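> Provided below: query-v4.tsv, containing TSV, C-alpha atoms.
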```tsv
chain	number	residue	atom	x	y	z
A	1	MET	CA	109.69	114.99	117.20
A	2	HIS	CA	112.03	113.25	119.62
A	3	GLU	CA	114.52	112.97	116.73
A	4	LEU	CA	115.89	116.29	117.98
A	5	SER	CA	116.99	114.92	121.33
A	6	LEU	CA	118.12	111.68	119.69
A	7	CYS	CA	120.39	113.75	117.44
A	8	GLY	CA	121.78	115.44	120.55
A	9	ALA	CA	122.63	111.99	121.94
A	10	ILE	CA	124.18	110.93	118.62
A	11	ALA	CA	126.27	114.14	118.51
A	12	ASP	CA	127.53	113.42	122.05
A	13	ILE	CA	128.65	109.91	121.09
A	14	VAL	CA	130.27	111.09	117.85
A	15	SER	CA	132.09	114.00	119.52
A	16	ARG	CA	133.42	111.73	122.25
A	17	ARG	CA	134.71	109.18	119.74
A	18	ALA	CA	135.99	111.55	117.05
A	19	GLY	CA	137.55	114.17	119.29
A	20	GLU	CA	138.87	117.01	117.16
A	21	ARG	CA	138.94	114.99	113.96
A	22	GLN	CA	136.66	115.90	111.07
A	23	VAL	CA	133.73	113.47	110.63
A	24	ALA	CA	132.54	112.74	107.09
A	25	SER	CA	129.68	110.41	107.96
A	26	VAL	CA	128.02	108.71	110.89
A	27	HIS	CA	126.74	105.16	110.43
A	28	LEU	CA	123.57	104.29	112.32
A	29	ARG	CA	121.64	101.05	112.66
A	30	ILE	CA	117.94	101.61	113.28
A	31	GLY	CA	115.38	98.84	113.72
A	32	THR	CA	111.97	99.25	112.15
A	33	LEU	CA	110.35	98.92	115.61
A	34	ARG	CA	111.90	102.29	116.52
A	35	GLN	CA	109.72	105.30	115.84
A	36	VAL	CA	112.46	107.14	114.00
A	37	VAL	CA	111.80	108.83	110.67
A	38	PRO	CA	115.02	109.01	108.59
A	39	ASP	CA	114.12	112.31	106.89
A	40	THR	CA	113.24	113.90	110.25
A	41	LEU	CA	116.48	112.58	111.69
A	42	ASP	CA	118.41	114.23	108.82
A	43	PHE	CA	116.56	117.49	109.35
A	44	CYS	CA	117.23	117.50	113.10
A	45	TRP	CA	120.84	116.45	112.61
A	46	ALA	CA	121.41	119.51	110.42
A	47	MET	CA	119.83	121.71	113.13
A	48	VAL	CA	121.82	120.19	115.98
A	49	THR	CA	125.20	120.21	114.19
A	50	GLU	CA	124.94	123.59	112.49
A	51	GLY	CA	127.93	125.74	113.41
A	52	THR	CA	129.61	122.89	115.33
A	53	HIS	CA	132.62	120.82	114.28
A	54	LEU	CA	130.12	118.15	113.11
A	55	ASP	CA	128.54	120.53	110.61
A	56	GLY	CA	128.47	118.78	107.22
A	57	ALA	CA	128.78	115.23	108.56
A	58	THR	CA	126.14	113.01	106.95
A	59	LEU	CA	124.00	110.32	108.54
A	60	ASP	CA	124.08	106.92	106.89
A	61	VAL	CA	121.20	104.74	108.12
A	62	ASP	CA	120.91	100.98	107.92
A	63	ARG	CA	117.32	99.92	108.60
A	64	VAL	CA	116.92	96.53	110.29
A	65	ASP	CA	113.71	94.55	109.83
A	66	ALA	CA	112.02	93.09	112.89
A	67	VAL	CA	112.51	89.39	113.66
A	68	LEU	CA	110.68	87.62	116.49
A	69	HIS	CA	111.40	84.38	118.29
A	70	CYS	CA	108.22	82.67	119.44
A	71	ASN	CA	108.32	80.98	122.84
A	72	ASN	CA	105.11	79.15	122.01
A	73	CYS	CA	105.92	77.43	118.70
A	74	GLN	CA	109.71	77.94	118.95
A	75	THR	CA	110.06	79.48	115.52
A	76	THR	CA	112.07	82.55	114.56
A	77	LEU	CA	110.29	84.54	111.87
A	78	PRO	CA	110.14	88.10	110.49
A	79	MET	CA	107.37	90.22	112.02
A	80	ALA	CA	104.27	89.62	109.90
A	81	ASP	CA	102.85	93.14	109.93
A	82	ALA	CA	103.93	96.53	111.16
A	83	ILE	CA	101.45	96.58	114.04
A	84	SER	CA	101.23	93.34	115.97
A	85	LEU	CA	104.21	92.12	117.93
A	86	ALA	CA	102.90	88.58	117.46
A	87	CYS	CA	104.38	85.40	116.01
A	88	ALA	CA	103.75	85.18	112.25
A	89	GLY	CA	103.41	81.42	112.58
A	90	CYS	CA	101.00	80.83	115.47
A	91	GLY	CA	99.86	84.33	116.49
A	92	SER	CA	101.22	84.07	120.03
A	93	PHE	CA	102.37	87.24	121.78
A	94	ALA	CA	104.89	85.25	123.82
A	95	VAL	CA	107.75	86.47	121.65
A	96	ASP	CA	111.24	87.84	122.09
A	97	VAL	CA	112.48	90.55	119.77
A	98	ILE	CA	115.57	89.14	118.02
A	99	ALA	CA	116.07	92.11	115.72
A	100	GLY	CA	114.32	95.36	114.91
A	101	ASP	CA	114.73	97.43	118.09
A	102	GLU	CA	118.31	98.53	117.34
A	103	PHE	CA	119.22	102.16	117.66
A	104	GLU	CA	122.99	102.39	117.55
A	105	VAL	CA	125.93	104.34	116.23
A	106	THR	CA	127.90	101.58	114.51
A	107	ALA	CA	130.83	103.48	112.98
A	108	LEU	CA	132.25	106.82	111.93
A	109	ASP	CA	134.00	107.75	108.73
A	110	LEU	CA	136.67	110.33	109.45
A	111	ALA	CA	137.75	112.68	106.69
A	112	ALA	CA	141.34	112.34	105.56
A	113	VAL	CA	143.69	114.69	107.42
B	1	MET	CA	118.03	97.05	102.48
B	2	GLY	CA	118.88	100.52	101.18
B	3	ARG	CA	120.90	103.19	102.89
B	4	PHE	CA	119.77	106.77	103.04
B	5	HIS	CA	122.27	109.45	102.19
B	6	ARG	CA	121.98	113.16	102.08
B	7	HIS	CA	124.71	114.64	99.97
B	8	GLU	CA	126.08	118.14	100.13
B	9	ASP	CA	124.07	119.21	97.11
B	10	GLY	CA	120.93	118.29	99.05
B	11	THR	CA	120.01	115.16	97.14
B	12	VAL	CA	118.92	112.09	99.08
B	13	HIS	CA	119.12	108.58	97.75
B	14	SER	CA	119.80	105.06	98.90
B	15	HIS	CA	122.01	102.32	97.61
B	16	ASP	CA	122.95	98.84	98.72
B	17	HIS	CA	125.14	98.20	101.69
B	18	GLY	CA	128.76	97.95	100.71
B	19	ASP	CA	128.67	100.36	97.79
B	20	HIS	CA	130.79	103.25	98.95
B	21	SER	CA	132.43	103.84	95.60
B	22	GLY	CA	131.31	107.47	95.59
B	23	TYR	CA	133.45	108.58	98.52
B	24	ALA	CA	135.59	105.68	99.61
B	25	THR	CA	138.95	107.35	99.17
B	26	GLY	CA	140.76	109.05	102.02
B	27	VAL	CA	138.31	107.92	104.71
B	28	GLU	CA	139.23	106.29	107.99
B	29	ARG	CA	136.53	104.03	109.49
B	30	VAL	CA	136.16	104.02	113.28
B	31	GLU	CA	134.01	101.20	114.68
B	32	VAL	CA	131.79	102.47	117.51
B	33	LEU	CA	128.75	100.28	118.26
B	34	GLU	CA	127.11	102.32	121.01
B	35	ARG	CA	123.41	102.32	121.85
B	36	ILE	CA	122.02	105.82	121.46
B	37	PHE	CA	119.64	105.31	124.39
B	38	ASP	CA	122.48	104.25	126.73
B	39	GLU	CA	122.76	107.61	128.49
B	40	ASN	CA	118.99	107.82	128.99
B	41	ASP	CA	118.77	104.22	130.17
B	42	HIS	CA	121.64	104.65	132.65
B	43	CYS	CA	119.87	107.67	134.10
B	44	ALA	CA	116.59	105.73	134.22
B	45	ALA	CA	118.38	103.01	136.20
B	46	HIS	CA	119.56	105.67	138.68
B	47	ASN	CA	115.99	106.95	139.01
B	48	ARG	CA	114.74	103.39	139.56
B	49	ALA	CA	117.41	102.74	142.20
B	50	ASP	CA	116.57	105.96	144.09
B	51	LEU	CA	112.88	105.07	144.03
B	52	ALA	CA	113.61	101.53	145.21
B	53	ALA	CA	115.83	102.76	148.04
B	54	ALA	CA	112.99	104.95	149.30
B	55	GLY	CA	110.33	102.28	148.67
B	56	VAL	CA	108.47	104.58	146.30
B	57	CYS	CA	106.35	103.40	143.38
B	58	ALA	CA	106.43	105.46	140.16
B	59	VAL	CA	103.85	105.56	137.38
B	60	ASN	CA	104.39	107.24	134.01
B	61	LEU	CA	101.11	108.73	132.71
B	62	MET	CA	101.03	109.07	128.93
B	63	SER	CA	98.37	110.19	126.46
B	64	SER	CA	97.62	112.46	123.54
B	65	PRO	CA	97.07	116.16	124.35
B	66	GLY	CA	93.61	116.69	125.81
B	67	ALA	CA	92.87	113.07	126.74
B	68	GLY	CA	92.49	114.08	130.37
B	69	LYS	CA	95.80	113.31	132.07
B	70	THR	CA	95.62	116.28	134.40
B	71	SER	CA	91.88	115.80	135.09
B	72	LEU	CA	92.37	112.14	135.95
B	73	LEU	CA	95.44	113.00	138.02
B	74	HIS	CA	93.31	115.53	139.89
B	75	ALA	CA	90.70	112.83	140.59
B	76	LEU	CA	93.38	110.32	141.63
B	77	LEU	CA	94.97	112.82	144.03
B	78	GLN	CA	91.60	113.61	145.60
B	79	ALA	CA	91.00	109.91	146.21
B	80	LEU	CA	94.54	108.89	147.18
B	81	ALA	CA	96.22	111.87	148.83
B	82	PRO	CA	94.59	111.59	152.24
B	83	SER	CA	96.11	108.13	152.84
B	84	THR	CA	98.98	107.97	150.33
B	85	ARG	CA	101.89	110.40	150.26
B	86	ILE	CA	102.26	111.46	146.62
B	87	GLY	CA	104.80	113.36	144.56
B	88	VAL	CA	103.83	114.57	141.09
B	89	ILE	CA	106.28	115.32	138.29
B	90	GLU	CA	104.61	117.53	135.71
B	91	GLY	CA	106.04	117.68	132.21
B	92	ASP	CA	104.97	120.71	130.27
B	93	ILE	CA	106.66	122.50	127.39
B	94	GLU	CA	106.40	126.07	128.66
B	95	THR	CA	103.68	126.71	131.21
B	96	SER	CA	102.85	125.80	134.80
B	97	ILE	CA	99.11	125.54	134.01
B	98	ASP	CA	98.88	121.81	134.78
B	99	ALA	CA	100.99	122.09	137.94
B	100	ASP	CA	98.81	124.98	139.13
B	101	ARG	CA	95.67	122.87	138.63
B	102	LEU	CA	97.06	120.25	141.02
B	103	ASP	CA	97.99	122.71	143.73
B	104	GLY	CA	96.37	122.24	147.14
B	105	LEU	CA	95.48	118.56	146.77
B	106	GLY	CA	98.02	117.30	149.29
B	107	ALA	CA	100.69	116.22	146.82
B	108	VAL	CA	104.19	117.64	146.32
B	109	VAL	CA	104.27	118.92	142.73
B	110	GLU	CA	107.52	119.46	140.81
B	111	LEU	CA	107.42	120.99	137.36
B	112	VAL	CA	109.73	120.09	134.47
B	113	ASN	CA	109.53	122.61	131.65
B	114	THR	CA	110.86	120.86	128.57
B	115	GLY	CA	111.60	123.99	126.54
B	116	ASN	CA	114.94	123.43	124.83
B	117	GLY	CA	115.35	126.44	122.55
B	118	PHE	CA	113.99	124.52	119.57
B	119	GLY	CA	110.31	124.86	120.52
B	120	GLY	CA	110.31	122.35	123.37
B	121	GLU	CA	110.70	118.63	123.82
B	122	CYS	CA	107.66	116.49	123.11
B	123	HIS	CA	108.41	113.97	125.84
B	124	LEU	CA	110.08	113.46	129.20
B	125	ASP	CA	113.35	111.57	129.22
B	126	ALA	CA	115.13	110.10	132.22
B	127	PRO	CA	117.43	113.10	132.89
B	128	MET	CA	114.44	115.48	132.82
B	129	VAL	CA	112.57	113.30	135.32
B	130	ARG	CA	115.73	113.08	137.42
B	131	SER	CA	115.96	116.88	137.63
B	132	ALA	CA	112.55	116.86	139.35
B	133	LEU	CA	112.99	113.59	141.24
B	134	VAL	CA	115.97	114.91	143.21
B	135	ARG	CA	113.84	117.85	144.39
B	136	LEU	CA	111.14	115.53	145.77
B	137	PRO	CA	111.36	114.34	149.39
B	138	LEU	CA	111.37	110.66	148.36
B	139	ASP	CA	111.79	109.36	151.91
B	140	GLU	CA	108.49	110.99	152.82
B	141	LEU	CA	106.58	109.64	149.81
B	142	ASP	CA	104.82	106.41	148.81
B	143	LEU	CA	104.02	107.16	145.20
B	144	VAL	CA	105.34	109.33	142.36
B	145	LEU	CA	103.04	110.09	139.44
B	146	VAL	CA	104.80	111.40	136.34
B	147	GLU	CA	102.58	113.32	133.94
B	148	ASN	CA	104.33	113.10	130.60
B	149	VAL	CA	103.99	115.60	127.77
B	150	GLY	CA	100.84	114.99	125.72
B	151	ASN	CA	101.99	112.99	122.70
B	152	LEU	CA	101.28	109.47	121.39
B	153	VAL	CA	104.72	108.88	119.83
B	154	CYS	CA	107.80	110.20	121.60
B	155	PRO	CA	107.17	109.45	125.31
B	156	ALA	CA	106.91	105.73	124.53
B	157	GLU	CA	110.57	105.64	123.45
B	158	PHE	CA	112.02	106.84	126.77
B	159	ASP	CA	112.37	104.76	129.91
B	160	VAL	CA	112.30	107.24	132.82
B	161	GLY	CA	112.71	104.66	135.60
B	162	GLU	CA	108.99	104.10	136.19
B	163	HIS	CA	107.51	100.87	137.57
B	164	ALA	CA	104.53	101.01	135.23
B	165	ARG	CA	103.18	102.96	132.31
B	166	ALA	CA	99.56	104.03	132.43
B	167	MET	CA	97.99	105.24	129.24
B	168	ILE	CA	94.97	107.49	129.17
B	169	TYR	CA	92.92	107.07	126.01
B	170	SER	CA	89.79	109.19	125.68
B	171	VAL	CA	86.75	107.91	123.79
B	172	THR	CA	86.73	110.99	121.53
B	173	GLU	CA	90.01	109.95	119.90
B	174	GLY	CA	88.63	107.28	117.55
B	175	GLU	CA	88.92	103.50	117.53
B	176	ASP	CA	92.02	103.30	115.32
B	177	LYS	CA	94.59	104.89	117.64
B	178	PRO	CA	96.19	101.60	118.79
B	179	LEU	CA	96.92	100.75	115.14
B	180	LYS	CA	98.33	104.20	114.38
B	181	TYR	CA	100.45	104.43	117.53
B	182	PRO	CA	101.26	100.79	118.31
B	183	VAL	CA	104.46	101.45	120.24
B	184	MET	CA	102.78	103.49	122.96
B	185	PHE	CA	99.78	101.17	123.29
B	186	ARG	CA	102.12	98.15	123.29
B	187	SER	CA	104.29	99.59	126.06
B	188	SER	CA	101.39	100.41	128.40
B	189	ASP	CA	100.70	98.33	131.51
B	190	VAL	CA	97.16	99.65	131.88
B	191	VAL	CA	94.80	101.68	129.68
B	192	PHE	CA	92.40	104.09	131.38
B	193	VAL	CA	89.55	104.73	128.91
B	194	ASN	CA	88.54	108.25	129.87
B	195	LYS	CA	85.52	110.46	129.12
B	196	VAL	CA	83.06	107.52	129.09
B	197	ASP	CA	80.36	109.97	130.21
B	198	LEU	CA	80.43	111.23	126.58
B	199	LEU	CA	79.65	107.82	125.05
B	200	PRO	CA	75.89	108.49	124.62
B	201	HIS	CA	76.76	111.46	122.41
B	202	LEU	CA	79.34	109.74	120.22
B	203	ASP	CA	79.39	107.20	117.39
B	204	VAL	CA	82.54	105.57	118.74
B	205	ASP	CA	82.60	101.75	118.65
B	206	LEU	CA	84.34	100.81	121.89
B	207	ASP	CA	84.41	97.08	121.02
B	208	LEU	CA	86.36	97.96	117.87
B	209	PHE	CA	88.79	100.02	119.95
B	210	VAL	CA	89.29	97.05	122.30
B	211	SER	CA	89.88	94.61	119.43
B	212	ASN	CA	92.39	97.07	117.90
B	213	LEU	CA	94.09	97.44	121.27
B	214	ARG	CA	94.34	93.66	121.63
B	215	ARG	CA	96.15	93.43	118.28
B	216	VAL	CA	99.04	95.37	119.81
B	217	ASN	CA	98.64	94.70	123.52
B	218	PRO	CA	96.95	91.42	124.47
B	219	SER	CA	97.07	91.79	128.23
B	220	ALA	CA	96.96	95.35	129.62
B	221	PRO	CA	93.92	95.80	131.87
B	222	LEU	CA	91.32	98.25	130.58
B	223	ILE	CA	89.52	100.54	133.02
B	224	ALA	CA	86.57	102.71	131.93
B	225	VAL	CA	86.54	106.03	133.73
B	226	SER	CA	85.22	109.56	133.65
B	227	ALA	CA	87.45	112.00	135.47
B	228	ARG	CA	84.61	114.51	135.10
B	229	THR	CA	81.82	112.51	136.77
B	230	GLY	CA	84.00	110.25	138.92
B	231	THR	CA	82.72	107.02	137.35
B	232	GLY	CA	85.46	104.39	137.44
B	233	VAL	CA	87.91	106.48	139.47
B	234	ASP	CA	87.68	103.86	142.23
B	235	ALA	CA	88.91	101.18	139.84
B	236	CYS	CA	91.83	103.37	138.73
B	237	VAL	CA	92.70	104.01	142.38
B	238	ALA	CA	92.56	100.27	143.09
B	239	TRP	CA	94.96	99.59	140.20
B	240	VAL	CA	97.42	102.21	141.52
B	241	ARG	CA	97.15	100.87	145.10
B	242	GLU	CA	97.78	97.31	143.94
B	243	LEU	CA	100.86	98.39	141.99
B	244	ALA	CA	102.18	100.44	144.91
B	245	ALA	CA	101.65	97.49	147.27
B	246	SER	CA	103.54	95.14	144.94
B	247	VAL	CA	106.48	97.60	144.76
B	248	ALA	CA	106.51	98.04	148.53
B	249	ALA	CA	106.41	94.26	148.99
B	250	VAL	CA	109.65	93.70	147.08
B	251	ARG	CA	111.49	96.39	148.98
```
Turn this file's structure into structure tokens for me.

Amino acid sequence: MHELSLCGAIADIVSRRAGERQVASVHLRIGTLRQVVPDTLDFCWAMVTEGTHLDGATLDVDRVDAVLHCNNCQTTLPMADAISLACAGCGSFAVDVIAGDEFEVTALDLAAV
Amino acid sequence: MGRFHRHEDGTVHSHDHGDHSGYATGVERVEVLERIFDENDHCAAHNRADLAAAGVCAVNLMSSPGAGKTSLLHALLQALAPSTRIGVIEGDIETSIDADRLDGLGAVVELVNTGNGFGGECHLDAPMVRSALVRLPLDELDLVLVENVGNLVCPAEFDVGEHARAMIYSVTEGEDKPLKYPVMFRSSDVVFVNKVDLLPHLDVDLDLFVSNLRRVNPSAPLIAVSARTGTGVDACVAWVRELAASVAAVR
């Protein structure tokens, strides 16, 4: 359950950016290649923020599907299955991950003062 | 692609991107765009730089609980420690049991207890490894072996500054593990297949395990070993020596 320490890292980023201002929601972008379970993240977020100035802020997660560029057949295609990091066209493993490994705080919504 | 929301009344639902009609009023949007792993990865870079400056090779040992990390480490230290100067970083949630088992084998052992007040971390991250790394006499070492916390999910997500990741898979774990935990198997540079002395007593289909492994990791070398009997330990030692030599060569 590394979501707990990930939530600690998210809270650090949010606190640094928001300062003393009240945060309504935190927007995250999470690629499907990341082993992050949204419900677990929510659960851990509530634990980590309880009693802090971030208590009550919600997490708003955009999932990003994996896309691979194949250096063998030079195509860019969505990952064919959830397991193999191989080109959906030719099966080569000589691929670059174009999308799907994101794990970012993209924005904050601050509550009106 | 839906968005997950948990509202104050406890309900969770998703709706399409752009629909914020429920709470759009009175909200100020601050663009951030920061990678959540940045702090870890910066620290991992520091670890890597310190290791490079001292000419020390680091290997991150990962496996499920009970696969034999400490037993194999014990066998590796017995074979390597006379000629190679080794530091060991032991990740363990609460106890020093593993560190105690490695005492007296000629290596410098530093323990990282990952207890965090919430029941303990399930992995080592770069700052945790750093806390032990700075206590090791790097200038007097050739090799650092990091024994991660036993877990097939979380350790794979954290770069700790290692040169290579070695996974220990034991033959009692079933053939399907690479498909269930693809990220860890994918990120491994070598797979030590441990407990092969038990094969005569098991129904495990090792060929099926290998074909499953190749679906997620086409190239990592596979080394059959028994830490208990010593079979294959030589091949594991040779892999470690080759890696250490390649790190020393680029110094």
> Within 9 Å of Pro155 in chain B, counting only C-alpha atoms, which residues show up once you throw out same-chain ones fewer than 5 positions away? Write them as a PyMOL selection string, please.
(chain A and resi 2) or (chain B and resi 62-63+122-125+148-150+184)
> For C-alpha atoms, I'd like the residues from the last selection saved as a JSON list (two decimals), in the coordinates of the input.

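So the final result, stored in result.json, reads:
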```
[["chain", "number", "residue", "atom", "x", "y", "z"],
["A", 2, "HIS", "CA", 112.03, 113.25, 119.62],
["B", 62, "MET", "CA", 101.03, 109.07, 128.93],
["B", 63, "SER", "CA", 98.37, 110.19, 126.46],
["B", 122, "CYS", "CA", 107.66, 116.49, 123.11],
["B", 123, "HIS", "CA", 108.41, 113.97, 125.84],
["B", 124, "LEU", "CA", 110.08, 113.46, 129.20],
["B", 125, "ASP", "CA", 113.35, 111.57, 129.22],
["B", 148, "ASN", "CA", 104.33, 113.10, 130.60],
["B", 149, "VAL", "CA", 103.99, 115.60, 127.77],
["B", 150, "GLY", "CA", 100.84, 114.99, 125.72],
["B", 184, "MET", "CA", 102.78, 103.49, 122.96]]
```
> Which polymer residues have any atom within 8 Å of an atom of range 27-37 of chain A, counting only C-alpha atoms, with same-chain residues fewer than 5 positions away left out, as number ranges by chain?
A: 3, 59-66, 99-109; B: 153-154, 157, 183
> How about saving the chosen residues, C-alpha atoms kept, as an mmCIF file, in the coordinates of the input?

```
data_model
loop_
_atom_site.group_PDB
_atom_site.id
_atom_site.type_symbol
_atom_site.label_atom_id
_atom_site.label_comp_id
_atom_site.auth_asym_id
_atom_site.auth_seq_id
_atom_site.Cartn_x
_atom_site.Cartn_y
_atom_site.Cartn_z
ATOM 1 C CA GLU A 3 114.520 112.970 116.730
ATOM 2 C CA LEU A 59 124.000 110.320 108.540
ATOM 3 C CA ASP A 60 124.080 106.920 106.890
ATOM 4 C CA VAL A 61 121.200 104.740 108.120
ATOM 5 C CA ASP A 62 120.910 100.980 107.920
ATOM 6 C CA ARG A 63 117.320 99.920 108.600
ATOM 7 C CA VAL A 64 116.920 96.530 110.290
ATOM 8 C CA ASP A 65 113.710 94.550 109.830
ATOM 9 C CA ALA A 66 112.020 93.090 112.890
ATOM 10 C CA ALA A 99 116.070 92.110 115.720
ATOM 11 C CA GLY A 100 114.320 95.360 114.910
ATOM 12 C CA ASP A 101 114.730 97.430 118.090
ATOM 13 C CA GLU A 102 118.310 98.530 117.340
ATOM 14 C CA PHE A 103 119.220 102.160 117.660
ATOM 15 C CA GLU A 104 122.990 102.390 117.550
ATOM 16 C CA VAL A 105 125.930 104.340 116.230
ATOM 17 C CA THR A 106 127.900 101.580 114.510
ATOM 18 C CA ALA A 107 130.830 103.480 112.980
ATOM 19 C CA LEU A 108 132.250 106.820 111.930
ATOM 20 C CA ASP A 109 134.000 107.750 108.730
ATOM 21 C CA VAL B 153 104.720 108.880 119.830
ATOM 22 C CA CYS B 154 107.800 110.200 121.600
ATOM 23 C CA GLU B 157 110.570 105.640 123.450
ATOM 24 C CA VAL B 183 104.460 101.450 120.240
#
```
> Just checking: using all atoms listed in the file, which residue out of A:Leu110, A:Cys70, A:Leu54, A:Ala46 ends up closest to chain B?
A:Leu110
> Tell me which residues come within 10 Å of (93.1, 117.4, 134.1), as a list of chain:residue names, counting all atoms listed in the file in the file's coordinates.
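Here is the list of nearby residues: B:Gly66, B:Ala67, B:Gly68, B:Lys69, B:Thr70, B:Ser71, B:Leu72, B:Leu73, B:His74, B:Ala75, B:Asp98, B:Ala99, B:Arg101, B:Leu102, B:Ala227, B:Arg228.
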> Create the file for the chosen residues now, containing C-alpha atoms and written as a short mmCIF file (atom, residue, chain, number, x, y, z; two decimals), keeping the file's coordinate frame.

```
data_model
loop_
_atom_site.label_atom_id
_atom_site.label_comp_id
_atom_site.auth_asym_id
_atom_site.auth_seq_id
_atom_site.Cartn_x
_atom_site.Cartn_y
_atom_site.Cartn_z
CA GLY B 66 93.61 116.69 125.81
CA ALA B 67 92.87 113.07 126.74
CA GLY B 68 92.49 114.08 130.37
CA LYS B 69 95.80 113.31 132.07
CA THR B 70 95.62 116.28 134.40
CA SER B 71 91.88 115.80 135.09
CA LEU B 72 92.37 112.14 135.95
CA LEU B 73 95.44 113.00 138.02
CA HIS B 74 93.31 115.53 139.89
CA ALA B 75 90.70 112.83 140.59
CA ASP B 98 98.88 121.81 134.78
CA ALA B 99 100.99 122.09 137.94
CA ARG B 101 95.67 122.87 138.63
CA LEU B 102 97.06 120.25 141.02
CA ALA B 227 87.45 112.00 135.47
CA ARG B 228 84.61 114.51 135.10
#
```
> Could you give me, as a CSV table (one decimal) with C-alpha atoms, in the coordinates of the input, the residues within 12 Å of range 211-215 of chain B, counting only C-alpha atoms and dropping anything in the same chain fewer than 6 positions from it?

```csv
chain,number,residue,atom,x,y,z
A,81,ASP,CA,102.8,93.1,109.9
A,82,ALA,CA,103.9,96.5,111.2
A,83,ILE,CA,101.4,96.6,114.0
A,84,SER,CA,101.2,93.3,116.0
A,85,LEU,CA,104.2,92.1,117.9
A,86,ALA,CA,102.9,88.6,117.5
A,87,CYS,CA,104.4,85.4,116.0
A,91,GLY,CA,99.9,84.3,116.5
A,92,SER,CA,101.2,84.1,120.0
A,93,PHE,CA,102.4,87.2,121.8
B,167,MET,CA,98.0,105.2,129.2
B,169,TYR,CA,92.9,107.1,126.0
B,174,GLY,CA,88.6,107.3,117.6
B,175,GLU,CA,88.9,103.5,117.5
B,176,ASP,CA,92.0,103.3,115.3
B,177,LYS,CA,94.6,104.9,117.6
B,178,PRO,CA,96.2,101.6,118.8
B,179,LEU,CA,96.9,100.8,115.1
B,180,LYS,CA,98.3,104.2,114.4
B,181,TYR,CA,100.4,104.4,117.5
B,182,PRO,CA,101.3,100.8,118.3
B,183,VAL,CA,104.5,101.4,120.2
B,184,MET,CA,102.8,103.5,123.0
B,185,PHE,CA,99.8,101.2,123.3
B,186,ARG,CA,102.1,98.2,123.3
B,187,SER,CA,104.3,99.6,126.1
B,188,SER,CA,101.4,100.4,128.4
B,190,VAL,CA,97.2,99.6,131.9
B,191,VAL,CA,94.8,101.7,129.7
B,193,VAL,CA,89.6,104.7,128.9
B,205,ASP,CA,82.6,101.8,118.6
B,221,PRO,CA,93.9,95.8,131.9
B,222,LEU,CA,91.3,98.2,130.6
```
> Between A:Thr58, A:Thr52, A:Asn71, A:Thr76, which has the minimum distance to chain B (counting all atoms listed in the file)?
A:Thr58
> In Å, rounded to a single decimal, give me how far CA of Leu33 in chain B is from CA of Asp55 in chain A.
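We find that CA of Asp55 in chain A and CA of Leu33 in chain B lie 21.6 Å from each other.
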> Rounded to one decimal place, report the CA of Leu202 in chain B-CA of Ala235 in chain B distance in Å.
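CA of Ala235 in chain B lies at a distance of 23.4 Å from CA of Leu202 in chain B.
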> Which value, in Å to one decimal, gives the distance between CA of Leu76 in chain B and CA of Ile97 in chain B?
18.0 Å
> Could you check the closest approach to Val88 in chain B for each of B:Asn47, B:Asn60, B:Val129, B:Val146 and tell me which residue wins, using only C-alpha atoms?
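Checking each of B:Asn47, B:Asn60, B:Val129, B:Val146 against Val88 in chain B, counting only C-alpha atoms, the winner is B:Val146.
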> Could you give me the centre and size, in Å to one decimal, of an axis-aligned box around all listed atoms of range 20-36 of chain A with 5 Å added on every side, as JSON?

```
{"center_x": 124.3, "center_y": 107.9, "center_z": 112.1, "size_x": 39.2, "size_y": 28.2, "size_z": 20.1}
```
> Show which residues sit within 10 Å of His53 in chain A, as a VMD selection string. Count all atoms listed in the file, and ignore same-chain residues fewer than 3 positions away.
chain A and resid 15 19 to 23 49 to 50 56 to 57
> Can those selected residues be exported to a file as a compact mmCIF listing (two decimals), in the coordinates of the input so that it contains C-alpha atoms?

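As written to disk, again_36.txt reads:
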```txt
# COMPACT_ATOMS: atom_id res chain seq x y z
CA SER A 15 132.09 114.00 119.52
CA GLY A 19 137.55 114.17 119.29
CA GLU A 20 138.87 117.01 117.16
CA ARG A 21 138.94 114.99 113.96
CA GLN A 22 136.66 115.90 111.07
CA VAL A 23 133.73 113.47 110.63
CA THR A 49 125.20 120.21 114.19
CA GLU A 50 124.94 123.59 112.49
CA GLY A 56 128.47 118.78 107.22
CA ALA A 57 128.78 115.23 108.56
```
> Got a sec: who's within 9 Å of Glu39 in chain B, counting all atoms listed in the file, leaving out chain neighbours fewer than 4 positions off, as a PyMOL selection string?
(chain A and resi 9) or (chain B and resi 35+43-44+126-127)
> Could you check the closest approach to Cys57 in chain B for each of B:Asn217, B:Thr172, B:Thr84, B:Asn151 and tell me which residue wins, using only C-alpha atoms?
B:Thr84
